[in-house]
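Structure file input.cif with mmCIF, C-alpha atoms:
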data_structure
#
loop_
_atom_site.label_atom_id
_atom_site.label_comp_id
_atom_site.auth_asym_id
_atom_site.auth_seq_id
_atom_site.Cartn_x
_atom_site.Cartn_y
_atom_site.Cartn_z
CA MET A 1327 30.29 47.28 61.06
CA PRO A 1328 28.60 46.00 64.22
CA GLU A 1329 30.07 42.92 65.82
CA ASN A 1330 26.70 41.20 65.46
CA SER A 1331 23.42 42.09 63.85
CA THR A 1332 21.19 41.71 66.91
CA PRO A 1333 23.10 42.91 69.98
CA GLN A 1334 21.64 42.27 73.41
CA VAL A 1335 22.55 43.83 76.72
CA ALA A 1336 21.22 41.94 79.73
CA GLY A 1337 18.62 44.00 81.57
CA ILE A 1338 17.84 46.38 78.68
CA ARG A 1339 14.54 46.13 76.82
CA LEU A 1340 13.46 48.39 73.96
CA ALA A 1341 10.30 49.12 72.00
CA SER A 1342 9.70 51.15 68.85
CA VAL A 1343 6.22 52.29 67.86
CA ARG A 1344 4.60 54.77 65.47
CA ALA A 1345 3.14 57.84 67.16
CA GLY A 1346 2.57 59.73 63.88
CA ILE A 1347 4.61 62.78 64.85
CA LYS A 1348 5.26 63.50 61.17
CA GLU A 1349 3.71 62.23 57.98
CA TRP A 1350 6.17 59.39 57.59
CA GLN A 1351 5.20 55.75 57.53
CA ARG A 1352 7.61 54.44 60.12
CA ASN A 1353 8.18 54.20 63.86
CA ASP A 1354 9.08 57.47 65.55
CA LEU A 1355 8.86 56.78 69.28
CA LEU A 1356 11.39 54.72 71.26
CA LEU A 1357 11.02 53.49 74.82
CA VAL A 1358 13.97 51.92 76.67
CA GLU A 1359 13.59 50.07 79.97
CA ILE A 1360 16.54 50.12 82.40
CA PRO A 1361 16.62 47.62 85.27
CA PRO A 1362 16.70 48.71 88.93
CA GLY A 1363 20.15 49.30 90.37
CA SER A 1364 21.71 50.39 87.07
CA SER A 1365 24.21 53.23 86.84
CA VAL A 1366 23.35 55.91 84.27
CA ALA A 1367 25.54 58.83 83.14
CA ALA A 1368 25.07 61.38 80.37
CA THR A 1369 26.44 64.44 78.63
CA PHE A 1370 24.31 67.12 77.01
CA THR A 1371 24.50 69.95 74.50
CA ARG A 1372 26.12 73.23 75.52
CA ASN A 1373 23.86 75.21 73.22
CA THR A 1374 22.25 78.04 75.21
CA PHE A 1375 18.89 77.32 73.55
CA CYS A 1376 18.84 73.81 74.97
CA ALA A 1377 15.58 71.99 74.33
CA ALA A 1378 12.92 71.23 76.93
CA PRO A 1379 13.82 67.52 77.09
CA VAL A 1380 17.45 68.43 77.82
CA THR A 1381 16.34 70.57 80.77
CA VAL A 1382 14.05 67.87 82.14
CA ALA A 1383 16.52 65.04 81.53
CA LYS A 1384 19.22 66.88 83.46
CA GLU A 1385 16.84 67.37 86.38
CA HIS A 1386 15.76 63.73 86.41
CA LEU A 1387 19.30 62.41 86.06
CA ALA A 1388 20.36 64.43 89.09
CA ALA A 1389 17.36 63.21 91.07
CA GLY A 1390 18.50 59.62 91.33
CA GLU A 1391 17.74 56.20 89.81
CA VAL A 1392 16.87 56.18 86.09
CA ARG A 1393 14.51 53.45 84.90
CA ALA A 1394 13.49 54.52 81.37
CA LEU A 1395 14.41 56.58 78.31
CA LEU A 1396 11.78 58.05 75.99
CA VAL A 1397 12.92 59.31 72.58
CA ASN A 1398 10.80 60.86 69.84
CA ALA A 1399 11.86 61.77 66.30
CA GLY A 1400 10.33 64.43 64.10
CA ASN A 1401 9.95 67.22 66.66
CA ALA A 1402 12.76 68.70 68.79
CA ASN A 1403 10.51 70.36 71.41
CA ALA A 1404 13.09 73.18 71.43
CA ALA A 1405 12.41 76.93 71.75
CA THR A 1406 8.93 75.98 72.99
CA GLY A 1407 8.96 77.81 76.34
CA GLU A 1408 7.07 76.68 79.43
CA ARG A 1409 4.62 74.68 77.36
CA GLY A 1410 7.53 72.63 76.02
CA ILE A 1411 8.65 71.82 79.57
CA ALA A 1412 5.09 70.94 80.59
CA ASP A 1413 4.64 68.69 77.54
CA CYS A 1414 7.89 66.95 78.33
CA ARG A 1415 6.84 66.32 81.93
CA ALA A 1416 3.48 64.99 80.73
CA CYS A 1417 5.28 62.43 78.55
CA CYS A 1418 7.36 61.33 81.53
CA GLU A 1419 4.19 60.96 83.62
CA ALA A 1420 2.66 58.78 80.91
CA VAL A 1421 5.73 56.53 80.84
CA ALA A 1422 5.69 56.32 84.64
CA GLU A 1423 2.05 55.22 84.62
CA ALA A 1424 2.62 52.64 81.88
CA MET A 1425 5.73 51.15 83.53
CA ASP A 1426 4.78 51.57 87.21
CA ILE A 1427 7.74 53.80 88.00
CA ARG A 1428 8.14 57.46 88.98
CA ALA A 1429 8.14 60.26 86.42
CA ALA A 1430 11.48 61.47 87.78
CA GLN A 1431 12.95 58.11 86.74
CA VAL A 1432 12.31 58.84 83.04
CA LEU A 1433 14.81 60.68 80.84
CA PRO A 1434 13.09 62.31 77.83
CA PHE A 1435 14.78 63.09 74.49
CA SER A 1436 13.55 64.65 71.25
CA THR A 1437 15.00 65.29 67.80
CA GLY A 1438 13.56 67.01 64.75
CA VAL A 1439 12.23 70.43 63.81
CA ILE A 1440 12.91 73.27 66.27
CA GLY A 1441 10.22 75.73 67.38
CA GLU A 1442 7.14 73.53 67.09
CA HIS A 1443 5.14 72.11 69.99
CA LEU A 1444 4.94 68.37 70.47
CA PRO A 1445 1.80 66.64 69.22
CA LEU A 1446 1.31 65.67 72.85
CA GLN A 1447 -1.78 63.50 72.57
CA LYS A 1448 -0.19 61.43 69.81
CA LEU A 1449 2.89 60.77 71.95
CA ILE A 1450 0.95 59.99 75.12
CA GLY A 1451 -1.42 57.78 73.18
CA ALA A 1452 1.46 55.67 71.83
CA ILE A 1453 3.28 55.13 75.13
CA PRO A 1454 1.14 52.25 76.50
CA ALA A 1455 1.71 50.27 73.29
CA ALA A 1456 5.44 50.88 73.61
CA ALA A 1457 5.45 49.65 77.21
CA ASP A 1458 3.66 46.48 76.11
CA ALA A 1459 6.13 45.89 73.26
CA LEU A 1460 9.40 46.03 75.23
CA GLU A 1461 11.85 43.31 74.18
CA VAL A 1462 15.57 42.51 74.44
CA ASP A 1463 16.03 42.31 70.65
CA GLY A 1464 14.87 45.83 69.86
CA TRP A 1465 18.21 47.52 69.13
CA GLU A 1466 18.05 47.55 65.32
CA ASP A 1467 14.47 48.88 65.26
CA ALA A 1468 15.50 51.47 67.84
CA ALA A 1469 18.36 52.71 65.66
CA ARG A 1470 15.94 53.28 62.77
CA THR A 1471 13.25 54.86 64.95
CA ILE A 1472 15.39 57.79 66.13
CA MET A 1473 16.53 58.80 62.61
CA THR A 1474 15.66 62.22 61.13
CA THR A 1475 17.71 63.22 58.06
CA ASP A 1476 19.88 60.14 58.52
CA THR A 1477 20.04 57.84 55.51
CA ARG A 1478 21.02 54.77 57.50
CA ALA A 1479 20.69 53.38 61.01
CA LYS A 1480 23.74 53.64 63.27
CA ILE A 1481 24.41 50.72 65.58
CA ALA A 1482 27.55 49.20 67.11
CA SER A 1483 28.37 46.47 69.59
CA ARG A 1484 31.24 44.66 71.29
CA THR A 1485 31.65 41.71 73.66
CA VAL A 1486 34.38 41.28 76.26
CA ARG A 1487 35.27 37.96 77.88
CA PHE A 1488 36.48 37.79 81.46
CA GLY A 1489 37.37 34.13 82.04
CA ASP A 1490 34.13 32.21 81.62
CA GLU A 1491 32.01 35.36 81.72
CA THR A 1492 30.99 37.55 78.79
CA VAL A 1493 29.79 41.13 79.04
CA SER A 1494 28.20 43.03 76.18
CA VAL A 1495 28.27 46.61 74.99
CA ALA A 1496 25.77 47.95 72.45
CA GLY A 1497 24.85 51.39 71.22
CA ILE A 1498 22.79 53.35 68.75
CA ALA A 1499 23.05 56.94 67.52
CA LYS A 1500 21.39 59.39 65.17
CA GLY A 1501 22.82 62.42 63.46
CA ALA A 1502 23.68 63.61 59.96
CA GLY A 1503 23.62 67.40 60.01
CA MET A 1504 24.08 70.28 62.47
CA ILE A 1505 27.11 68.33 63.68
CA GLN A 1506 29.78 70.12 65.71
CA PRO A 1507 31.58 69.26 68.96
CA ASN A 1508 30.31 69.87 72.49
CA MET A 1509 28.50 67.93 71.40
CA ALA A 1510 27.27 67.34 67.91
CA THR A 1511 23.72 67.41 66.69
CA MET A 1512 23.07 63.91 67.74
CA LEU A 1513 21.56 61.48 70.16
CA ALA A 1514 23.47 58.42 71.32
CA TYR A 1515 22.62 55.63 73.73
CA VAL A 1516 25.21 53.07 74.81
CA ALA A 1517 24.66 50.30 77.34
CA THR A 1518 26.68 47.51 78.92
CA ASP A 1519 25.55 44.70 81.18
CA ALA A 1520 28.77 45.02 83.17
CA ALA A 1521 28.59 46.60 86.62
CA ILE A 1522 30.25 50.02 86.82
CA ARG A 1523 29.81 52.18 89.88
CA GLN A 1524 28.30 55.63 89.34
CA PRO A 1525 31.40 57.81 89.96
CA LEU A 1526 33.44 55.70 87.56
CA LEU A 1527 30.67 55.75 84.94
CA ASP A 1528 30.46 59.55 85.20
CA GLU A 1529 34.16 59.74 84.37
CA LEU A 1530 33.88 57.16 81.61
CA VAL A 1531 31.10 58.90 79.67
CA GLN A 1532 33.18 62.08 79.58
CA GLU A 1533 36.24 60.18 78.35
CA ALA A 1534 34.27 58.22 75.74
CA VAL A 1535 32.53 61.33 74.38
CA GLY A 1536 35.85 63.19 74.30
CA ALA A 1537 37.34 60.43 72.16
CA SER A 1538 34.38 60.22 69.80
CA PHE A 1539 31.43 62.59 69.48
CA ASN A 1540 33.46 65.66 70.41
CA ARG A 1541 35.87 64.91 67.55
CA ILE A 1542 33.40 65.02 64.70
CA SER A 1543 32.06 67.86 62.57
CA VAL A 1544 29.80 67.94 59.54
CA ASP A 1545 28.93 71.63 59.34
CA GLY A 1546 30.10 73.38 62.51
CA ASP A 1547 26.60 73.90 63.96
CA THR A 1548 25.66 72.63 67.40
CA SER A 1549 22.13 71.38 68.04
CA THR A 1550 19.74 72.28 70.83
CA ASN A 1551 19.04 68.65 71.69
CA ASP A 1552 22.35 66.75 71.79
CA ALA A 1553 22.78 64.03 74.37
CA CYS A 1554 24.80 60.89 74.96
CA VAL A 1555 23.70 58.40 77.60
CA LEU A 1556 25.83 55.58 78.99
CA ILE A 1557 24.14 52.81 80.99
CA ALA A 1558 25.71 50.01 83.07
CA THR A 1559 23.05 47.50 84.16
CA GLY A 1560 25.24 45.04 86.07
CA SER A 1561 22.88 42.30 84.86
CA ALA A 1562 25.62 40.09 83.42
CA GLY A 1563 26.50 38.97 86.95
CA HIS A 1564 30.04 40.26 86.66
CA HIS A 1565 31.53 41.96 89.72
CA PRO A 1566 31.71 45.77 89.66
CA ALA A 1567 34.52 47.03 87.46
CA ASP A 1568 37.58 48.40 89.26
CA ALA A 1569 39.33 51.29 87.54
CA ARG A 1570 42.71 49.88 88.55
CA GLY A 1571 42.11 46.44 87.07
CA GLU A 1572 43.00 45.04 83.65
CA GLU A 1573 39.42 43.88 83.14
CA TYR A 1574 38.10 47.41 83.47
CA GLN A 1575 40.63 48.67 80.94
CA GLN A 1576 39.38 46.09 78.44
CA LEU A 1577 35.77 47.03 79.16
CA LYS A 1578 36.53 50.75 78.93
CA GLN A 1579 38.20 50.29 75.55
CA ALA A 1580 35.19 48.34 74.24
CA ILE A 1581 32.86 51.13 75.37
CA ILE A 1582 35.05 53.80 73.81
CA ASP A 1583 35.29 51.76 70.59
CA VAL A 1584 31.47 51.65 70.36
CA HIS A 1585 31.33 55.43 70.83
CA ILE A 1586 33.96 55.96 68.12
CA GLU A 1587 32.21 53.64 65.66
CA LEU A 1588 28.93 55.49 66.18
CA ALA A 1589 30.61 58.90 65.89
CA GLN A 1590 32.34 57.96 62.65
CA ALA A 1591 29.06 56.58 61.31
CA ILE A 1592 27.50 60.01 61.82
CA VAL A 1593 30.24 61.67 59.76
CA ARG A 1594 30.01 59.01 57.04
CA ASP A 1595 26.28 59.74 56.88
CA GLY A 1596 26.74 63.52 56.96
CA GLU A 1597 24.05 65.28 54.97
CA GLY A 1598 25.11 64.97 51.34
CA ALA A 1599 28.60 63.76 52.29
CA THR A 1600 30.70 61.89 49.72
CA LYS A 1601 34.07 61.91 51.55
CA PHE A 1602 35.15 60.77 55.03
CA VAL A 1603 38.19 62.78 56.06
CA THR A 1604 40.55 62.52 59.03
CA VAL A 1605 42.29 65.78 59.92
CA GLN A 1606 45.40 65.11 61.98
CA VAL A 1607 47.58 67.81 63.53
CA ASP A 1608 51.10 66.94 64.70
CA GLY A 1609 53.81 69.00 66.33
CA ALA A 1610 51.49 71.22 68.34
CA ALA A 1611 52.44 72.91 71.59
CA SER A 1612 49.28 71.57 73.29
CA SER A 1613 46.30 69.34 72.63
CA GLU A 1614 44.02 72.37 72.65
CA GLU A 1615 46.14 74.04 69.98
CA ALA A 1616 46.13 70.92 67.82
CA LEU A 1617 42.35 70.61 68.01
CA ARG A 1618 41.87 74.30 67.17
CA VAL A 1619 43.83 73.83 63.97
CA ALA A 1620 42.14 70.53 63.14
CA PHE A 1621 38.64 71.97 63.47
CA GLU A 1622 39.55 75.11 61.56
CA VAL A 1623 40.61 72.90 58.64
CA GLY A 1624 37.78 70.39 59.01
CA GLU A 1625 35.02 73.02 59.27
CA SER A 1626 36.15 75.47 56.59
CA PRO A 1627 33.46 75.62 53.87
CA LEU A 1628 36.16 76.43 51.32
CA VAL A 1629 38.19 73.36 52.28
CA LYS A 1630 35.10 71.15 52.39
CA THR A 1631 33.86 72.20 48.96
CA ALA A 1632 37.35 71.59 47.54
CA MET A 1633 37.19 68.09 49.03
CA TYR A 1634 33.85 67.51 47.30
CA ALA A 1635 35.31 68.67 43.98
CA SER A 1636 38.38 66.43 44.47
CA ASP A 1637 40.38 69.64 44.03
CA PRO A 1638 43.56 69.62 46.19
CA ASN A 1639 43.51 73.40 46.53
CA TRP A 1640 46.26 73.57 49.14
CA GLY A 1641 45.96 77.35 49.39
CA ARG A 1642 42.68 76.75 51.23
CA LEU A 1643 44.47 74.45 53.66
CA VAL A 1644 47.12 77.01 54.61
CA MET A 1645 44.39 79.65 54.85
CA ALA A 1646 42.49 77.50 57.36
CA VAL A 1647 45.61 76.76 59.42
CA GLY A 1648 46.33 80.48 59.57
CA ASN A 1649 42.75 81.23 60.62
CA ALA A 1650 43.12 79.11 63.77
CA GLY A 1651 44.71 82.08 65.49
CA ILE A 1652 47.66 80.22 67.01
CA GLU A 1653 49.83 82.81 68.70
CA GLY A 1654 53.42 82.73 67.52
CA LEU A 1655 52.81 80.20 64.75
CA ASP A 1656 55.69 80.33 62.26
CA PRO A 1657 54.43 79.49 58.75
CA ALA A 1658 57.99 78.48 57.79
CA GLN A 1659 57.69 75.54 60.23
CA VAL A 1660 54.41 74.21 58.79
CA ASP A 1661 54.23 71.11 56.58
CA ILE A 1662 51.00 69.66 55.15
CA TYR A 1663 50.39 66.18 53.75
CA LEU A 1664 47.50 64.54 51.90
CA ASP A 1665 47.90 60.94 53.02
CA ASP A 1666 51.61 60.41 52.23
CA VAL A 1667 51.80 63.16 49.60
CA GLN A 1668 53.58 66.26 50.92
CA VAL A 1669 51.82 69.37 49.62
CA VAL A 1670 53.36 72.10 51.77
CA GLU A 1671 56.95 72.19 52.95
CA ALA A 1672 58.26 74.94 55.25
CA GLY A 1673 55.16 77.03 54.58
CA GLY A 1674 55.31 76.84 50.77
CA ARG A 1675 54.59 74.41 47.96
CA ALA A 1676 56.63 71.24 48.43
CA ALA A 1677 59.32 70.85 45.76
CA GLY A 1678 58.20 67.36 44.73
CA TYR A 1679 54.44 68.02 44.80
CA THR A 1680 52.31 67.58 41.69
CA GLU A 1681 48.64 68.40 41.20
CA GLU A 1682 48.10 64.89 39.88
CA ALA A 1683 49.36 63.35 43.11
CA GLY A 1684 47.16 65.63 45.24
CA GLN A 1685 44.11 65.02 43.09
CA ALA A 1686 44.59 61.26 43.36
CA VAL A 1687 44.28 61.57 47.15
CA PHE A 1688 41.36 64.01 47.15
CA GLY A 1689 39.54 61.81 44.68
CA GLN A 1690 39.37 58.96 47.19
CA PRO A 1691 36.28 58.41 49.36
CA GLU A 1692 38.51 58.42 52.47
CA PHE A 1693 41.79 60.17 53.13
CA THR A 1694 43.80 62.06 55.76
CA VAL A 1695 44.90 65.68 55.83
CA ARG A 1696 47.91 65.95 58.12
CA VAL A 1697 49.25 69.28 59.35
CA ALA A 1698 52.66 69.40 61.08
CA LEU A 1699 53.07 72.64 63.02
CA GLY A 1700 56.66 72.18 64.18
CA ARG A 1701 55.96 73.63 67.64
CA GLY A 1702 55.90 70.70 70.05
CA ASP A 1703 55.06 67.04 70.63
CA CYS A 1704 51.24 67.07 70.87
CA ARG A 1705 49.06 65.31 68.32
CA GLU A 1706 45.28 65.30 67.89
CA HIS A 1707 42.76 64.32 65.21
CA ILE A 1708 39.14 64.85 64.21
CA TRP A 1709 36.80 63.35 61.61
CA THR A 1710 34.90 65.43 59.10
CA CYS A 1711 33.36 65.26 55.61
CA ASP A 1712 32.94 67.31 52.46
CA PHE A 1713 30.18 69.76 51.48
CA SER A 1714 28.15 68.77 48.43
CA HIS A 1715 25.19 70.23 46.53
CA GLU A 1716 23.04 67.69 48.36
CA TYR A 1717 23.81 69.28 51.74
CA VAL A 1718 22.15 72.50 50.57
CA THR A 1719 19.21 70.59 49.10
CA ILE A 1720 18.58 68.57 52.26
CA ASN A 1721 18.63 71.60 54.54
CA ALA A 1722 16.69 73.83 52.16
CA GLU A 1723 13.90 71.24 52.06
CA TYR A 1724 14.16 70.08 55.70
CA ARG A 1725 10.79 71.43 56.85
CA THR A 1726 8.92 70.38 53.73
#

Encoded form (structure tokens):
Amino acid sequence: MPENSTPQVAGIRLASVRAGIKEWQRNDLLLVEIPPGSSVAATFTRNTFCAAPVTVAKEHLAAGEVRALLVNAGNANAATGERGIADCRACCEAVAEAMDIRAAQVLPFSTGVIGEHLPLQKLIGAIPAAADALEVDGWEDAARTIMTTDTRAKIASRTVRFGDETVSVAGIAKGAGMIQPNMATMLAYVATDAAIRQPLLDELVQEAVGASFNRISVDGDTSTNDACVLIATGSAGHHPADARGEEYQQLKQAIIDVHIELAQAIVRDGEGATKFVTVQVDGAASSEEALRVAFEVGESPLVKTAMYASDPNWGRLVMAVGNAGIEGLDPAQVDIYLDDVQVVEAGGRAAGYTEEAGQAVFGQPEFTVRVALGRGDCREHIWTCDFSHEYVTINAEYRT
């Protein structure tokens, strides 16, 4: 749960308004104001069909100082060609006019249905009202505004004390389906009022995403619109963080913790999900190898449907481990555990295992699948969920 219900980050103001992008009776357009002199870093989807806002946001981020974020829900503005790019730039121009900044200082983001053009006039018409409504207490409304198939808002915050000074970290995210690493199908925005110089922030966003959003999977599909933005305003009056100092290590951990909480919230809210599952791989020869096995287990539809059924079908687990394609893997060295219950020993059914014990674990809303490869000292983990009937229903009815 968030550390407080109404997080504030000095220098950040937010506004949520209804542009009417879809026929839903709620806000669907978010504007975020970033103070001058802030450092801003981001990571984006690696999907080849990246959306128009991803293309424009990358350009604007590289151009220099960022002063605003614009996020719309309900339409992804992806696979929309040159018109999509032009529409995106028009939205940035409208924000620039409303906030008296340059269009290149605006990072645009969209989430929703792919392949449809933005209702441009609706978006542009709502931007002045958003600029007039900017406030420091807008985080909770913002978290709800960017939702699509999400069933709940995702928000997290931390505070860190340095002597008599306090710095804050707050973040919001959206995502429930089309979730797979590098990144997931998600948008995330995290800000701190600490001062972090740009090169250090660029490193930090990669580390934080690597520890969080790149360790989650709902269905193995990567979106066209994924992005994670990390902002350091420096407005708390604290001196710039030094990577060698203890204070920075505390701040870094708070920022990473916010990313992890948001990432786990996405998995817990996975479309139709009923189980939150940690897949841990021990005894790997490398981190890359461990993650390959973990994702093979966590993304297998057969494993995920067994999780939903509370059926500890361990044959599906060994199948998934074998599908990871680890060269030289010796099945006789592999052990598998469900929480503390050993299911597989030396590549076969553990002597003391009972179906009742396995089912008791799989019947829980949260549990861990641990795979020991017996090849080395590396350990990695991911977070995933089950596949239910509701997942099919949600995605079959997504456009209706």

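For the atom pair formed by atom CA of A:Arg1393 and atom CA of A:Glu1573, the distance is 26.7 Å, given to one decimal.
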
Fewer than 4 positions away in the same chain doesn't count, so skip those; otherwise give me all residues within 12 Å of A:Glu1671, counting only C-alpha atoms, as a PDB file with C-alpha atoms, keeping the file's coordinate frame.
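Now in part-v4.pdb:
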ATOM      1  CA  TRP A1640      46.260  73.570  49.140  1.00  0.00           C
ATOM      2  CA  VAL A1644      47.120  77.010  54.610  1.00  0.00           C
ATOM      3  CA  PRO A1657      54.430  79.490  58.750  1.00  0.00           C
ATOM      4  CA  ALA A1658      57.990  78.480  57.790  1.00  0.00           C
ATOM      5  CA  GLN A1659      57.690  75.540  60.230  1.00  0.00           C
ATOM      6  CA  VAL A1660      54.410  74.210  58.790  1.00  0.00           C
ATOM      7  CA  ASP A1661      54.230  71.110  56.580  1.00  0.00           C
ATOM      8  CA  ILE A1662      51.000  69.660  55.150  1.00  0.00           C
ATOM      9  CA  TYR A1663      50.390  66.180  53.750  1.00  0.00           C
ATOM     10  CA  VAL A1667      51.800  63.160  49.600  1.00  0.00           C
ATOM     11  CA  ARG A1675      54.590  74.410  47.960  1.00  0.00           C
ATOM     12  CA  ALA A1676      56.630  71.240  48.430  1.00  0.00           C
ATOM     13  CA  ALA A1677      59.320  70.850  45.760  1.00  0.00           C
ATOM     14  CA  GLY A1678      58.200  67.360  44.730  1.00  0.00           C
ATOM     15  CA  TYR A1679      54.440  68.020  44.800  1.00  0.00           C
ATOM     16  CA  VAL A1697      49.250  69.280  59.350  1.00  0.00           C
ATOM     17  CA  ALA A1698      52.660  69.400  61.080  1.00  0.00           C
ATOM     18  CA  LEU A1699      53.070  72.640  63.020  1.00  0.00           C
ATOM     19  CA  GLY A1700      56.660  72.180  64.180  1.00  0.00           C
TER      20      GLY A1700
END

Next on the checklist: Starting from the PyMOL selection byres ((chain A and resi 1592) around 8), expand the selection into actual residues of this file and give them as a ChimeraX atom specification.
Outcome noted: /A:1480,1499-1502,1588-1591,1593-1596

Checklist entry - Within 10 Å of stretch 1349-1363 of chain A, counting all atoms listed in the file, which residues qualify if same-chain residues fewer than 6 places away don't, as number ranges by chain? => result A: 1336-1343, 1391-1401, 1421, 1425, 1431-1436, 1449, 1452-1453, 1455-1457, 1459-1462, 1464-1465, 1467-1474, 1515, 1517, 1521, 1557-1561

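Once the PyMOL selection byres ((chain A and resi 1366-1376) around 7) is applied to this file, the selection holds Ser1364, Ser1365, Ala1377, Ala1378, Val1380, Val1392, Ala1404, Ala1405, Asn1508, Met1509, Leu1527, Asp1528, Val1531, Thr1548, Ser1549, Thr1550, Asn1551, Asp1552, Ala1553, Cys1554, Val1555, Leu1556, Ile1557 and Ala1558 of chain A.
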